[in-house]
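Visitor: Below is the file input_13.cif, which contains mmCIF, N, CA and C atoms.
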data_entry
loop_
_atom_site.label_atom_id
_atom_site.label_comp_id
_atom_site.auth_asym_id
_atom_site.auth_seq_id
_atom_site.Cartn_x
_atom_site.Cartn_y
_atom_site.Cartn_z
N MET G 129 0.49 4.46 -65.40
CA MET G 129 0.60 5.92 -65.43
C MET G 129 1.67 6.32 -66.44
N GLN G 130 1.36 7.32 -67.25
CA GLN G 130 2.31 7.76 -68.26
C GLN G 130 3.42 8.59 -67.63
N ASN G 131 4.62 8.40 -68.12
CA ASN G 131 5.78 9.15 -67.65
C ASN G 131 5.67 10.60 -68.14
N PRO G 132 5.63 11.61 -67.23
CA PRO G 132 5.49 12.99 -67.66
C PRO G 132 6.66 13.46 -68.51
N TYR G 133 7.85 12.91 -68.27
CA TYR G 133 9.00 13.30 -69.08
C TYR G 133 8.85 12.80 -70.51
N ALA G 134 8.26 11.63 -70.68
CA ALA G 134 8.05 11.10 -72.02
C ALA G 134 7.13 12.02 -72.80
N THR G 135 6.10 12.54 -72.16
CA THR G 135 5.17 13.45 -72.82
C THR G 135 5.91 14.72 -73.25
N SER G 136 6.73 15.26 -72.36
CA SER G 136 7.48 16.47 -72.69
C SER G 136 8.44 16.23 -73.84
N GLU G 137 9.08 15.07 -73.84
CA GLU G 137 10.00 14.76 -74.93
C GLU G 137 9.25 14.64 -76.24
N MET G 138 8.07 14.05 -76.20
CA MET G 138 7.30 13.88 -77.42
C MET G 138 6.81 15.21 -77.96
N ASP G 139 6.52 16.18 -77.08
CA ASP G 139 6.02 17.47 -77.58
C ASP G 139 7.16 18.42 -77.92
N GLY G 140 8.39 17.95 -77.84
CA GLY G 140 9.54 18.74 -78.27
C GLY G 140 10.14 19.63 -77.20
N THR G 141 9.68 19.55 -75.98
CA THR G 141 10.22 20.38 -74.92
C THR G 141 11.61 19.86 -74.54
N PRO G 142 12.65 20.69 -74.68
CA PRO G 142 13.99 20.26 -74.28
C PRO G 142 14.07 20.07 -72.77
N LYS G 143 14.83 19.08 -72.35
CA LYS G 143 14.92 18.78 -70.92
C LYS G 143 15.42 19.95 -70.10
N GLU G 144 16.29 20.78 -70.66
CA GLU G 144 16.81 21.91 -69.88
C GLU G 144 15.73 22.94 -69.56
N MET G 145 14.57 22.84 -70.24
CA MET G 145 13.47 23.76 -69.97
C MET G 145 12.60 23.31 -68.79
N TYR G 146 12.77 22.08 -68.33
CA TYR G 146 11.91 21.56 -67.25
C TYR G 146 11.90 22.47 -66.02
N PRO G 147 13.06 22.92 -65.50
CA PRO G 147 12.99 23.80 -64.31
C PRO G 147 12.27 25.12 -64.60
N VAL G 148 12.49 25.69 -65.77
CA VAL G 148 11.82 26.94 -66.13
C VAL G 148 10.31 26.74 -66.12
N LEU G 149 9.88 25.66 -66.76
CA LEU G 149 8.44 25.38 -66.84
C LEU G 149 7.86 25.08 -65.46
N ALA G 150 8.63 24.39 -64.63
CA ALA G 150 8.16 24.11 -63.27
C ALA G 150 7.97 25.40 -62.49
N TRP G 151 8.94 26.32 -62.57
CA TRP G 151 8.81 27.59 -61.85
C TRP G 151 7.66 28.43 -62.40
N ARG G 152 7.44 28.37 -63.70
CA ARG G 152 6.29 29.08 -64.27
C ARG G 152 4.98 28.49 -63.76
N GLY G 153 4.96 27.18 -63.62
CA GLY G 153 3.78 26.53 -63.05
C GLY G 153 3.57 26.93 -61.60
N ILE G 154 4.66 27.02 -60.86
CA ILE G 154 4.58 27.44 -59.45
C ILE G 154 4.03 28.86 -59.38
N LEU G 155 4.51 29.74 -60.24
CA LEU G 155 4.02 31.12 -60.26
C LEU G 155 2.52 31.17 -60.57
N LYS G 156 2.09 30.35 -61.51
CA LYS G 156 0.66 30.29 -61.84
C LYS G 156 -0.15 29.81 -60.64
N LEU G 157 0.35 28.79 -59.96
CA LEU G 157 -0.36 28.26 -58.79
C LEU G 157 -0.40 29.29 -57.65
N LEU G 158 0.67 30.04 -57.48
CA LEU G 158 0.68 31.08 -56.44
C LEU G 158 -0.34 32.17 -56.77
N ALA G 159 -0.47 32.52 -58.04
CA ALA G 159 -1.48 33.50 -58.44
C ALA G 159 -2.89 32.96 -58.16
N GLU G 160 -3.09 31.67 -58.45
CA GLU G 160 -4.39 31.04 -58.15
C GLU G 160 -4.66 31.06 -56.65
N ALA G 161 -3.64 30.76 -55.86
CA ALA G 161 -3.80 30.75 -54.40
C ALA G 161 -4.15 32.14 -53.88
N GLU G 162 -3.48 33.15 -54.42
CA GLU G 162 -3.77 34.51 -53.99
C GLU G 162 -5.22 34.89 -54.29
N ARG G 163 -5.67 34.59 -55.51
CA ARG G 163 -7.07 34.89 -55.85
C ARG G 163 -8.02 34.13 -54.93
N ALA G 164 -7.69 32.89 -54.64
CA ALA G 164 -8.56 32.07 -53.78
C ALA G 164 -8.62 32.63 -52.36
N ILE G 165 -7.50 33.15 -51.88
CA ILE G 165 -7.50 33.75 -50.54
C ILE G 165 -8.40 34.97 -50.53
N VAL G 166 -8.24 35.84 -51.52
CA VAL G 166 -9.03 37.07 -51.60
C VAL G 166 -10.51 36.74 -51.73
N GLU G 167 -10.83 35.71 -52.51
CA GLU G 167 -12.22 35.33 -52.75
C GLU G 167 -12.74 34.32 -51.72
N ARG G 168 -11.92 33.99 -50.75
CA ARG G 168 -12.29 33.07 -49.67
C ARG G 168 -12.72 31.70 -50.16
N ARG G 169 -11.98 31.20 -51.15
CA ARG G 169 -12.22 29.86 -51.67
C ARG G 169 -11.18 28.93 -51.06
N VAL G 170 -11.51 28.37 -49.91
CA VAL G 170 -10.58 27.60 -49.10
C VAL G 170 -10.01 26.39 -49.85
N GLU G 171 -10.86 25.63 -50.49
CA GLU G 171 -10.39 24.42 -51.18
C GLU G 171 -9.45 24.76 -52.34
N ASP G 172 -9.78 25.80 -53.08
CA ASP G 172 -8.92 26.20 -54.20
C ASP G 172 -7.57 26.72 -53.71
N ARG G 173 -7.58 27.48 -52.62
CA ARG G 173 -6.33 27.97 -52.02
C ARG G 173 -5.46 26.80 -51.62
N HIS G 174 -6.06 25.88 -50.91
CA HIS G 174 -5.32 24.72 -50.41
C HIS G 174 -4.75 23.89 -51.57
N ARG G 175 -5.57 23.62 -52.56
CA ARG G 175 -5.14 22.81 -53.70
C ARG G 175 -3.96 23.48 -54.43
N ALA G 176 -4.07 24.77 -54.70
CA ALA G 176 -3.02 25.48 -55.43
C ALA G 176 -1.71 25.50 -54.64
N LEU G 177 -1.80 25.78 -53.36
CA LEU G 177 -0.58 25.83 -52.55
C LEU G 177 0.05 24.45 -52.37
N MET G 178 -0.76 23.42 -52.23
CA MET G 178 -0.21 22.07 -52.10
C MET G 178 0.47 21.63 -53.40
N ARG G 179 -0.13 21.95 -54.52
CA ARG G 179 0.48 21.60 -55.80
C ARG G 179 1.79 22.36 -56.00
N ALA G 180 1.82 23.63 -55.62
CA ALA G 180 3.05 24.42 -55.73
C ALA G 180 4.14 23.84 -54.83
N GLN G 181 3.76 23.44 -53.62
CA GLN G 181 4.73 22.83 -52.71
C GLN G 181 5.28 21.53 -53.29
N THR G 182 4.43 20.76 -53.92
CA THR G 182 4.87 19.51 -54.53
C THR G 182 5.90 19.78 -55.63
N LEU G 183 5.64 20.78 -56.46
CA LEU G 183 6.59 21.11 -57.52
C LEU G 183 7.93 21.57 -56.96
N VAL G 184 7.90 22.38 -55.92
CA VAL G 184 9.16 22.81 -55.30
C VAL G 184 9.89 21.59 -54.73
N GLY G 185 9.14 20.68 -54.12
CA GLY G 185 9.75 19.46 -53.59
C GLY G 185 10.42 18.62 -54.67
N ILE G 186 9.78 18.52 -55.82
CA ILE G 186 10.37 17.77 -56.94
C ILE G 186 11.67 18.44 -57.39
N LEU G 187 11.64 19.75 -57.53
CA LEU G 187 12.85 20.48 -57.92
C LEU G 187 13.95 20.31 -56.87
N ASP G 188 13.55 20.38 -55.61
CA ASP G 188 14.52 20.26 -54.53
C ASP G 188 15.16 18.87 -54.50
N ASN G 189 14.37 17.85 -54.73
CA ASN G 189 14.89 16.48 -54.72
C ASN G 189 15.85 16.21 -55.88
N ALA G 190 15.77 17.01 -56.92
CA ALA G 190 16.64 16.83 -58.08
C ALA G 190 18.03 17.43 -57.87
N ILE G 191 18.21 18.17 -56.79
CA ILE G 191 19.49 18.84 -56.55
C ILE G 191 20.51 17.84 -56.00
N ASP G 192 21.69 17.88 -56.59
CA ASP G 192 22.81 17.06 -56.13
C ASP G 192 23.79 17.98 -55.41
N VAL G 193 23.66 18.04 -54.09
CA VAL G 193 24.49 18.93 -53.29
C VAL G 193 25.96 18.57 -53.44
N GLY G 194 26.25 17.29 -53.61
CA GLY G 194 27.64 16.85 -53.77
C GLY G 194 28.31 17.46 -54.99
N ARG G 195 27.54 17.74 -56.02
CA ARG G 195 28.11 18.32 -57.24
C ARG G 195 28.10 19.84 -57.21
N GLY G 196 27.22 20.44 -56.42
CA GLY G 196 27.09 21.89 -56.45
C GLY G 196 27.63 22.59 -55.22
N GLY G 197 27.91 21.83 -54.18
CA GLY G 197 28.49 22.41 -52.98
C GLY G 197 27.63 23.45 -52.31
N GLN G 198 28.30 24.50 -51.85
CA GLN G 198 27.64 25.54 -51.05
C GLN G 198 26.53 26.24 -51.84
N ALA G 199 26.70 26.42 -53.14
CA ALA G 199 25.66 27.07 -53.94
C ALA G 199 24.37 26.26 -53.89
N MET G 200 24.49 24.94 -53.97
CA MET G 200 23.30 24.09 -53.94
C MET G 200 22.66 24.07 -52.56
N GLU G 201 23.47 24.20 -51.53
CA GLU G 201 22.92 24.32 -50.18
C GLU G 201 22.06 25.57 -50.06
N LEU G 202 22.51 26.67 -50.67
CA LEU G 202 21.74 27.92 -50.65
C LEU G 202 20.44 27.76 -51.44
N VAL G 203 20.49 27.04 -52.55
CA VAL G 203 19.28 26.80 -53.33
C VAL G 203 18.30 25.98 -52.50
N LYS G 204 18.80 24.94 -51.84
CA LYS G 204 17.93 24.10 -51.00
C LYS G 204 17.32 24.93 -49.87
N THR G 205 18.09 25.84 -49.29
CA THR G 205 17.57 26.72 -48.24
C THR G 205 16.46 27.60 -48.79
N SER G 206 16.65 28.13 -49.99
CA SER G 206 15.60 28.95 -50.62
C SER G 206 14.36 28.13 -50.90
N HIS G 207 14.55 26.89 -51.35
CA HIS G 207 13.40 26.00 -51.57
C HIS G 207 12.65 25.78 -50.26
N HIS G 208 13.39 25.54 -49.19
CA HIS G 208 12.77 25.34 -47.88
C HIS G 208 11.98 26.60 -47.47
N ASN G 209 12.58 27.76 -47.70
CA ASN G 209 11.92 29.02 -47.31
C ASN G 209 10.62 29.24 -48.08
N ILE G 210 10.63 28.97 -49.38
CA ILE G 210 9.42 29.18 -50.16
C ILE G 210 8.32 28.21 -49.73
N VAL G 211 8.69 26.99 -49.41
CA VAL G 211 7.69 26.01 -48.93
C VAL G 211 7.12 26.47 -47.59
N GLN G 212 7.96 26.96 -46.70
CA GLN G 212 7.48 27.43 -45.41
C GLN G 212 6.51 28.60 -45.58
N LEU G 213 6.81 29.49 -46.52
CA LEU G 213 5.89 30.60 -46.79
C LEU G 213 4.55 30.09 -47.31
N MET G 214 4.59 29.07 -48.16
CA MET G 214 3.35 28.51 -48.69
C MET G 214 2.55 27.82 -47.59
N VAL G 215 3.22 27.12 -46.72
CA VAL G 215 2.54 26.46 -45.60
C VAL G 215 1.87 27.52 -44.73
N TYR G 216 2.61 28.57 -44.40
CA TYR G 216 2.07 29.64 -43.58
C TYR G 216 0.87 30.30 -44.27
N ALA G 217 1.03 30.58 -45.58
CA ALA G 217 -0.07 31.20 -46.33
C ALA G 217 -1.31 30.32 -46.31
N ASN G 218 -1.10 29.03 -46.40
CA ASN G 218 -2.22 28.10 -46.42
C ASN G 218 -2.92 28.03 -45.06
N LEU G 219 -2.14 28.00 -44.01
CA LEU G 219 -2.72 27.90 -42.67
C LEU G 219 -3.35 29.20 -42.19
N SER G 220 -2.74 30.33 -42.56
CA SER G 220 -3.21 31.62 -42.04
C SER G 220 -3.97 32.45 -43.07
N GLN G 221 -4.08 31.93 -44.30
CA GLN G 221 -4.75 32.66 -45.38
C GLN G 221 -4.13 34.04 -45.56
N ASP G 222 -2.80 34.08 -45.58
CA ASP G 222 -2.04 35.32 -45.62
C ASP G 222 -1.54 35.60 -47.04
N VAL G 223 -2.09 36.63 -47.67
CA VAL G 223 -1.69 37.01 -49.03
C VAL G 223 -0.25 37.50 -49.04
N ARG G 224 0.19 38.15 -47.96
CA ARG G 224 1.58 38.65 -47.91
C ARG G 224 2.58 37.50 -48.00
N ALA G 225 2.27 36.38 -47.39
CA ALA G 225 3.16 35.21 -47.48
C ALA G 225 3.20 34.68 -48.91
N VAL G 226 2.07 34.73 -49.59
CA VAL G 226 2.05 34.31 -51.00
C VAL G 226 2.92 35.26 -51.82
N HIS G 227 2.85 36.56 -51.55
CA HIS G 227 3.67 37.54 -52.27
C HIS G 227 5.16 37.27 -52.05
N LYS G 228 5.54 36.98 -50.82
CA LYS G 228 6.95 36.67 -50.53
C LYS G 228 7.39 35.40 -51.25
N ALA G 229 6.53 34.39 -51.25
CA ALA G 229 6.84 33.15 -51.97
C ALA G 229 6.98 33.44 -53.46
N ARG G 230 6.12 34.30 -53.97
CA ARG G 230 6.17 34.66 -55.39
C ARG G 230 7.48 35.35 -55.73
N GLU G 231 7.96 36.22 -54.87
CA GLU G 231 9.24 36.90 -55.11
C GLU G 231 10.38 35.89 -55.29
N ILE G 232 10.40 34.88 -54.45
CA ILE G 232 11.42 33.83 -54.56
C ILE G 232 11.24 33.05 -55.86
N ALA G 233 9.99 32.70 -56.16
CA ALA G 233 9.71 31.93 -57.37
C ALA G 233 10.09 32.71 -58.63
N VAL G 234 9.82 34.01 -58.64
CA VAL G 234 10.19 34.85 -59.79
C VAL G 234 11.71 34.83 -59.97
N ALA G 235 12.43 34.95 -58.88
CA ALA G 235 13.90 34.93 -58.97
C ALA G 235 14.41 33.61 -59.54
N PHE G 236 13.83 32.50 -59.10
CA PHE G 236 14.25 31.20 -59.63
C PHE G 236 13.86 31.06 -61.10
N GLU G 237 12.67 31.49 -61.48
CA GLU G 237 12.25 31.38 -62.87
C GLU G 237 13.17 32.21 -63.76
N GLU G 238 13.51 33.41 -63.33
CA GLU G 238 14.41 34.26 -64.11
C GLU G 238 15.81 33.65 -64.21
N MET G 239 16.30 33.10 -63.10
CA MET G 239 17.62 32.49 -63.10
C MET G 239 17.67 31.32 -64.08
N TRP G 240 16.68 30.43 -64.02
CA TRP G 240 16.66 29.28 -64.91
C TRP G 240 16.47 29.70 -66.35
N SER G 241 15.63 30.70 -66.60
CA SER G 241 15.42 31.19 -67.97
C SER G 241 16.73 31.73 -68.55
N GLN G 242 17.45 32.50 -67.75
CA GLN G 242 18.73 33.04 -68.21
C GLN G 242 19.74 31.92 -68.45
N ALA G 243 19.75 30.93 -67.59
CA ALA G 243 20.68 29.81 -67.76
C ALA G 243 20.37 29.05 -69.05
N VAL G 244 19.11 28.80 -69.31
CA VAL G 244 18.72 28.07 -70.52
C VAL G 244 19.01 28.91 -71.76
N ASN G 245 18.66 30.19 -71.73
CA ASN G 245 18.90 31.05 -72.88
C ASN G 245 20.39 31.19 -73.17
N GLY G 246 21.19 31.27 -72.15
CA GLY G 246 22.64 31.34 -72.33
C GLY G 246 23.19 30.06 -72.91
N ARG G 247 22.63 28.95 -72.53
CA ARG G 247 23.08 27.65 -73.01
C ARG G 247 22.68 27.42 -74.46
N ARG G 248 21.60 28.05 -74.89
CA ARG G 248 21.08 27.83 -76.24
C ARG G 248 21.77 28.69 -77.29
N GLN G 249 22.49 29.74 -76.86
CA GLN G 249 23.14 30.60 -77.84
C GLN G 249 24.31 29.86 -78.48
N PRO G 250 24.48 30.03 -79.78
CA PRO G 250 25.64 29.43 -80.43
C PRO G 250 26.93 30.00 -79.84
N ALA G 251 27.98 29.20 -79.82
CA ALA G 251 29.24 29.60 -79.20
C ALA G 251 29.77 30.91 -79.77
N ALA G 252 29.58 31.17 -81.05
CA ALA G 252 30.06 32.40 -81.69
C ALA G 252 29.33 33.63 -81.18
N ASP G 253 28.11 33.48 -80.69
CA ASP G 253 27.31 34.61 -80.23
C ASP G 253 27.56 34.97 -78.77
N ARG G 254 28.25 34.15 -78.05
CA ARG G 254 28.44 34.40 -76.61
C ARG G 254 29.55 35.38 -76.34
#
Would you mind writing the file's structure down as structure tokens?
Guide:
Amino acid sequence: MQNPYATSEMDGTPKEMYPVLAWRGILKLLAEAERAIVERRVEDRHRALMRAQTLVGILDNAIDVGRGGQAMELVKTSHHNIVQLMVYANLSQDVRAVHKAREIAVAFEEMWSQAVNGRRQPAADR
């Protein structure tokens, strides 16, 4: 199996963009899940929500609480909350739960995008 990080490195994607891209993928999957719920496509709903949960799990496992302290504990709690919303949405076919999960995902995507954009600015421009 090919290493997904190797592929990203080869296509020029900087490593600091990985969380941004993961959250964008999660947002796309949540949109797919919402459409599937509305259109009553059970398998598509399930697949999209499971894939989104997997991505959140990968992001969550990358957190080093020892280095981030209380802030990282709050991030882990938010990750747990979004996964719980996805589980509930999957079991109950609840679009509102998908919307709540999306709100959290949007906040994380925006946070990571701002962090990356701030890091990329030359020191003189900050």
Visitor: May I ask for the distance between atom CA of G:Trp240 and atom CA of G:His174, given in Å to one decimal place?
Guide: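 Separating atom CA of G:Trp240 from atom CA of G:His174 is a distance of 26.7 Å.
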Visitor: If we draw a sphere of 10 Å around (12.6, 32.7, -62.9), which residues have at least one atom in it when counting only C-alpha atoms? Please report them as a list in words.
Guide: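 Protein and nucleic acid residues near the point are Pro147, Val148, Leu149, Ala150, Trp151, Arg152, Leu155, Glu231, Ile232, Ala233, Val234, Ala235, Phe236, Glu237, Glu238, Met239, Trp240, Ser241, Gln242 and Ala243 of chain G.
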Visitor: So which one's closest to G:Lys228, G:Ala161, G:Thr205, G:Asn245, G:Ile210? Using only N, CA and C atoms, please.
Guide: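 So, comparing all the options, the nearest one is G:Ile210.
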Visitor: So, counting only C-alpha atoms, which residue among G:Leu177, G:Leu183, G:Val244, G:Ala190 is closest to G:Asp222?
Guide: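 Distance minimum relative to G:Asp222 lands on G:Leu177.
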Visitor: I want to know what sits within 7 Å of stretch 163-170 of chain G, based on all atoms listed in the file, with residues of the same chain fewer than 3 positions away left out; could you give that as a PyMOL selection string?
Guide: chain G and resi 158-160+173-175+221-223
Visitor: Quick one: pull the distance between atom N of G:Ala229 and atom C of G:Leu213, Å, one decimal.
Guide: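 Between atom N of G:Ala229 and atom C of G:Leu213 the gap works out to 6.2 Å.
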